Amino acid sequence: MERDVPRSGWREMALWLVGRRRLFRVTGDSMTPTLSPGAVVMLDQRAYRSRSPRADEIVVARHPRHTVLQIVKRVAAVIESRTESGAPGTVLILASDNVAAGADSRTFGPVALDLVLGKVVSCLRR
Amino acid sequence: MFQEAIAQLIAKTAVETVSAHCDGPCGVYDPASARIAAEAALSMTKKIIDLGPADSADHNTYGRFVAIKEQQAHLAKEELLILWTDYFKPEHLDEYPDLHEKFWNAAKLCSAVKQGVDVDAANDLMAAIEDIHNVYWATKGRDVAYYVAT
């Protein structure tokens, strides 16, 4: 399983030029060694239009309790569940790569699919 | 080389940030949010009892009261779990070795309040939250008086 984020090639840069990629600068060290603080990643916002996220992919999502905050995490598990009203729904368990970050790195609970902004497909800077 | 230079130029244009911090960084915690929800659940429990048996009460009102009670009990549990797992750290256990027990019991009481129409459980939950309130503010070195809204 590919753990590393590939470097952005010409194709990625071209997709960024035509508005198909969104750039994010990473702050914090919970995704080291994959992404260091200051890393710049490219996000594909259409990646999950036709399919759900899969385990091991890195996503950008809104924090469930502070929705103005955007977080970058790795998908640890994809759980098909039902909401309280019985409708089917998918939630993600997101985790940090830096397990040494401490016991409180996985505390915000499952993340609903609609909070996911897209998939991290490449990085300009690690 | 050239590609790398272009990549770095593009990287400089990145203005949006994503957080890879370990936790939500706002750091604002207060057991009051759990207390308000628990107090609402206690209030609804009393109202349901005042309403009398389900078959004699207005069905819509009865259903609403039950729904609100369960929702608030669930919210109280959620707020407690967040406080427990997000705020409290291993070092707090040194001073409060029964911390896990306190939260576990309080969470179980939330379930009891949600499942039944149990004034005793609702009162016990309020007491458990008062206890957690005292521990929480003690860890912050602040003397914050506990109060209820009703």
# chains A, B, ... in the order shown; residues from 1 in each chain; ligands from 1
call {"tool": "interface_residues", "arguments": {"of": "chain A", "to": "chain B", "cutoff": "10 Å", "atoms": "only C-alpha atoms", "output": "MDAnalysis selection string"}}
result
chainID A and resid 7:10 12:13 16:17 22:32 35:42 60:66 69:73 95:109 123:125
call {"tool": "write_last_selection", "arguments": {"atoms": "C-alpha atoms", "output": "PDB file, in the first residue's frame"}}
result
ATOM      1  CA  ARG A   7       5.493  14.547  -5.836  1.00  0.00           C
ATOM      2  CA  SER A   8       3.393  16.709  -8.135  1.00  0.00           C
ATOM      3  CA  GLY A   9       4.440  16.166 -11.739  1.00  0.00           C
ATOM      4  CA  TRP A  10       3.654  18.238 -14.839  1.00  0.00           C
ATOM      5  CA  GLU A  12      -0.690  17.711 -11.567  1.00  0.00           C
ATOM      6  CA  MET A  13       0.616  21.211 -12.161  1.00  0.00           C
ATOM      7  CA  TRP A  16      -3.820  22.970 -10.865  1.00  0.00           C
ATOM      8  CA  LEU A  17      -3.559  25.573 -13.648  1.00  0.00           C
ATOM      9  CA  ARG A  22      -6.519  23.094  -4.704  1.00  0.00           C
ATOM     10  CA  LEU A  23      -3.358  23.866  -2.769  1.00  0.00           C
ATOM     11  CA  PHE A  24      -3.020  23.565   0.976  1.00  0.00           C
ATOM     12  CA  ARG A  25      -0.095  24.284   3.231  1.00  0.00           C
ATOM     13  CA  VAL A  26       0.190  21.852   6.135  1.00  0.00           C
ATOM     14  CA  THR A  27       0.619  23.126   9.678  1.00  0.00           C
ATOM     15  CA  GLY A  28       1.395  20.917  12.657  1.00  0.00           C
ATOM     16  CA  ASP A  29       3.338  17.693  12.843  1.00  0.00           C
ATOM     17  CA  SER A  30       0.743  14.965  13.262  1.00  0.00           C
ATOM     18  CA  MET A  31       1.263  13.761   9.673  1.00  0.00           C
ATOM     19  CA  THR A  32       5.024  13.402   9.854  1.00  0.00           C
ATOM     20  CA  LEU A  35       3.941  15.389   5.481  1.00  0.00           C
ATOM     21  CA  SER A  36       6.062  17.793   7.480  1.00  0.00           C
ATOM     22  CA  PRO A  37       4.885  21.142   8.770  1.00  0.00           C
ATOM     23  CA  GLY A  38       5.110  23.510   5.808  1.00  0.00           C
ATOM     24  CA  ALA A  39       4.417  20.806   3.233  1.00  0.00           C
ATOM     25  CA  VAL A  40       2.248  21.917   0.326  1.00  0.00           C
ATOM     26  CA  VAL A  41      -0.261  19.409  -0.988  1.00  0.00           C
ATOM     27  CA  MET A  42      -2.616  19.261  -3.930  1.00  0.00           C
ATOM     28  CA  VAL A  60      -8.671  17.028   3.855  1.00  0.00           C
ATOM     29  CA  ALA A  61     -11.820  17.332   5.947  1.00  0.00           C
ATOM     30  CA  ARG A  62     -13.573  19.808   8.138  1.00  0.00           C
ATOM     31  CA  HIS A  63     -13.134  19.169  11.832  1.00  0.00           C
ATOM     32  CA  PRO A  64     -16.452  17.728  13.106  1.00  0.00           C
ATOM     33  CA  ARG A  65     -16.560  20.030  16.097  1.00  0.00           C
ATOM     34  CA  HIS A  66     -14.901  23.117  14.652  1.00  0.00           C
ATOM     35  CA  LEU A  69     -10.929  24.214  10.829  1.00  0.00           C
ATOM     36  CA  GLN A  70      -9.657  22.108   7.949  1.00  0.00           C
ATOM     37  CA  ILE A  71      -7.627  19.084   8.875  1.00  0.00           C
ATOM     38  CA  VAL A  72      -5.431  16.711   6.940  1.00  0.00           C
ATOM     39  CA  LYS A  73      -5.486  13.106   8.103  1.00  0.00           C
ATOM     40  CA  ALA A  95      -5.893   9.111  12.127  1.00  0.00           C
ATOM     41  CA  SER A  96      -2.553  10.829  12.297  1.00  0.00           C
ATOM     42  CA  ASP A  97       0.548   9.230  10.820  1.00  0.00           C
ATOM     43  CA  ASN A  98       2.632  10.446  13.705  1.00  0.00           C
ATOM     44  CA  VAL A  99       1.596   7.948  16.367  1.00  0.00           C
ATOM     45  CA  ALA A 100       4.011   9.557  18.800  1.00  0.00           C
ATOM     46  CA  ALA A 101       1.779  12.618  18.717  1.00  0.00           C
ATOM     47  CA  GLY A 102       0.055  11.275  21.790  1.00  0.00           C
ATOM     48  CA  ALA A 103      -3.044   9.632  23.122  1.00  0.00           C
ATOM     49  CA  ASP A 104      -5.250  12.523  22.095  1.00  0.00           C
ATOM     50  CA  SER A 105      -4.577  12.306  18.380  1.00  0.00           C
ATOM     51  CA  ARG A 106      -7.710  10.393  17.540  1.00  0.00           C
ATOM     52  CA  THR A 107     -10.288  12.041  19.634  1.00  0.00           C
ATOM     53  CA  PHE A 108     -12.678  13.852  17.404  1.00  0.00           C
ATOM     54  CA  GLY A 109     -14.634  10.741  16.532  1.00  0.00           C
ATOM     55  CA  CYS A 123       2.571  17.264  -2.931  1.00  0.00           C
ATOM     56  CA  LEU A 124       4.682  20.106  -4.202  1.00  0.00           C
ATOM     57  CA  ARG A 125       6.733  20.133  -1.053  1.00  0.00           C
TER      58      ARG A 125
END
call {"tool": "atom_distance", "arguments": {"atom1": "atom CA of B:Tyr96", "atom2": "atom CA of B:Val135"}}
result
8.0 Å
call {"tool": "select_by_dssp", "arguments": {"residues": "chain A", "states": "helix (DSSP H, G or I)", "output": "PyMOL selection string"}}
result
chain A and resi 10-17+99-101+113-115
call {"tool": "residues_around", "arguments": {"residues": "B:Trp104", "least_positions_apart": "4", "cutoff": "10 Å", "atoms": "only C-alpha atoms", "output": "ChimeraX atom specification"}}
result
/B:77,80-81,84,98-100,108-110
